[in-house]
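To start, the structure itself, in structure tokens.
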Amino acid sequence: LANKESLVIAGSLLTSLAKKNKAKIIPVDSEHSAIFQCVEDRNSEIKKIFLTASGGSLRDIPIEKLSQVTPEEALNHPNWKMGKRITIDSSTMMNKVFEIIEAHWLFETQVTDIEILIHEQSIIHSMVELCDGSILAQMGIPDMGQPIHFALHYPKRTSSSFEGFDMSAFKELSLKEPSVKRYPSLEFAADVIKRGGNAGAVLNAADEIAVAAFLEGKISFERIYQICKMALENCSNKKAHSIEEL
């Protein structure tokens, strides 16, 4: 699975299709690859999932100044080199909203049992707490090549040239809860799952259009959230019976 939008838009349809055909979905998203590597087929043992987030390029800017942020500032991600939309989504935390929805479908976990943690170093790619209280984490340098390599060679572990443990990168690992005031978009994940139907498709489309408008200088940074909220509140919740409908 090379993109999260597939499950955000059509999670129910795709997971049902996979079960029908006894197909295993192997995620490439670094957070979900981390969880997959920790539990593989033992979803029933999961008590809680912790998806880590860098906090984006604007994590240290005072909240009252977010309305004045420029596209150039929002695109300056501290840890990852990504496409423009996903970089902006990292700053709004919409990226994590989609990842919560993705994790819900991939690991059959309730949204209430999926938590976001700010991890500025991007070394811990995600963690899972198991039913016996054990907590497993998958770690590595911020390089998408690693989860791609894992997915392509699964179920085997094969040699690679990727860097392993580096004391300079691993010497300080911090975790903290995100501020909903700074990242109000986080409330969307539970809403999308509760609404079902085409809610994921509507939110994904609204975000894509709003981010494009921000990058073109047509709206302020804070308007991205407002537009997505309006779209989700006004979606039809129409049940989709096929990929084509969505």
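To be explicit about the labels: the chains of the structure tokens are called A, B, and onward in the order shown, and within each one the residues are counted from 1, while ligands get numbers from 1 in the order they are shown.
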Could I get the residues of region 67-149 of chain A with an atom no further than 8 Å from an atom of region 25-34 of chain A, each paired with its nearest atom pair and that distance in Å to one decimal, using only C-alpha atoms, sorted by chain and residue number, as a Markdown table?
| residue | atom | partner | partner_atom | distance |
| --- | --- | --- | --- | --- |
| A:Glu99 | CA | A:His32 | CA | 8.0 |
| A:Ala103 | CA | A:His32 | CA | 6.8 |
| A:Leu106 | CA | A:Ile25 | CA | 7.7 |
| A:His125 | CA | A:Glu31 | CA | 5.1 |
| A:Ser126 | CA | A:Glu31 | CA | 5.2 |
| A:Met127 | CA | A:Ala34 | CA | 7.3 |
| A:Ala137 | CA | A:Ala34 | CA | 7.2 |
| A:Gln138 | CA | A:Ala34 | CA | 5.1 |
| A:Met139 | CA | A:Ala34 | CA | 7.7 |
| A:Met144 | CA | A:Ser30 | CA | 6.7 |
| A:Pro147 | CA | A:Val28 | CA | 5.5 |
| A:Ile148 | CA | A:Val28 | CA | 5.6 |
Please give the complete set of residues from region 62-245 of chain A that DSSP, run on the backbone, assigns to helix (DSSP H, G or I), formatted as an MDAnalysis selection string.
-> chainID A and resid 63:68 71:74 84:92 94:107 111:113 145:153 167:170 184:195 199:215 221:233
Judged by only C-alpha atoms, the minimum distance to Met167 (chain A) among A:Ile123, A:Val111, A:Val192, A:Cys38 is found for A:Ile123
List the neighbours of region 196-203 of chain A out to 7 Å using only C-alpha atoms; skip same-chain residues closer than 5 positions along the sequence, and give me the result as a VMD selection string.
-> chain A and resid 8 to 9 228 231 to 232 235 237 to 240 246
Please provide the set of residues having any atom within 9 Å of Asp89 (chain A), restricted to only C-alpha atoms, with same-chain residues fewer than 6 positions apart removed, written as a PyMOL selection string.
-> chain A and resi 56+95-96+207+211
In Å, how far is it from CA of Gln68 (chain A) to CA of Leu186 (chain A)?
-> 21.2 Å
Option closest in space to Ile116 (chain A), from A:Arg157, A:Lys176, A:Lys47, A:Lys171 [counting only C-alpha atoms] | A:Lys176
Of the candidates A:Val69, A:Ala151, A:Glu102, A:Phe36, which one gets nearest to Leu14 (chain A) if we count only C-alpha atoms?
->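 Nearest to Leu14 (chain A): A:Glu102.
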Pick from A:Asp41, A:Ile88, A:Lys22, A:Ala169: nearest to Phe214 (chain A), with only C-alpha atoms counted?
->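 Closest residue, counting only C-alpha atoms: A:Ile88.
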Between CA of Gln121 (chain A) and CA of Ser220 (chain A) lies a distance of 28.0 Å
Would you please give, as a ChimeraX atom specification, all residues of region 12-71 of chain A that DSSP assigns to strand (DSSP E or B) based on the backbone?
-> /A:46-53
Could you pull the residues within 9 Å of Ala190 (chain A), counting only C-alpha atoms, minus those fewer than 4 positions along the same chain, as a compact mmCIF listing (two decimals) with N, CA and C atoms, in the first residue's frame?
# COMPACT_ATOMS: atom_id res chain seq x y z
N VAL A 97 -4.34 12.73 10.72
CA VAL A 97 -5.76 12.39 10.65
C VAL A 97 -5.95 11.22 9.68
N ILE A 100 -4.50 8.00 11.14
CA ILE A 100 -5.37 7.37 12.14
C ILE A 100 -6.43 6.51 11.43
N ILE A 101 -7.03 7.08 10.39
CA ILE A 101 -8.04 6.36 9.62
C ILE A 101 -7.43 5.13 8.96
N VAL A 111 -10.66 3.99 16.80
CA VAL A 111 -10.00 5.29 16.78
C VAL A 111 -9.62 5.73 18.20
N THR A 112 -10.43 5.38 19.18
CA THR A 112 -10.16 5.75 20.56
C THR A 112 -8.91 5.07 21.11
N LEU A 186 -7.08 17.36 14.22
CA LEU A 186 -7.05 16.01 14.81
C LEU A 186 -8.43 15.48 15.15
N LYS A 194 -16.97 7.76 12.28
CA LYS A 194 -18.35 7.74 12.77
C LYS A 194 -19.34 7.95 11.63
N ARG A 195 -19.02 8.89 10.74
CA ARG A 195 -19.93 9.18 9.62
C ARG A 195 -19.93 8.05 8.60
Length of the CA of Leu7 (chain A) to CA of Glu222 (chain A) vector [Å] = 26.0 Å
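Each of A:Asn43, A:Gln37, A:Ser236, A:Ser134 was compared to Gln146 (chain A) using only C-alpha atoms, and A:Gln37 turns out to be the nearest.
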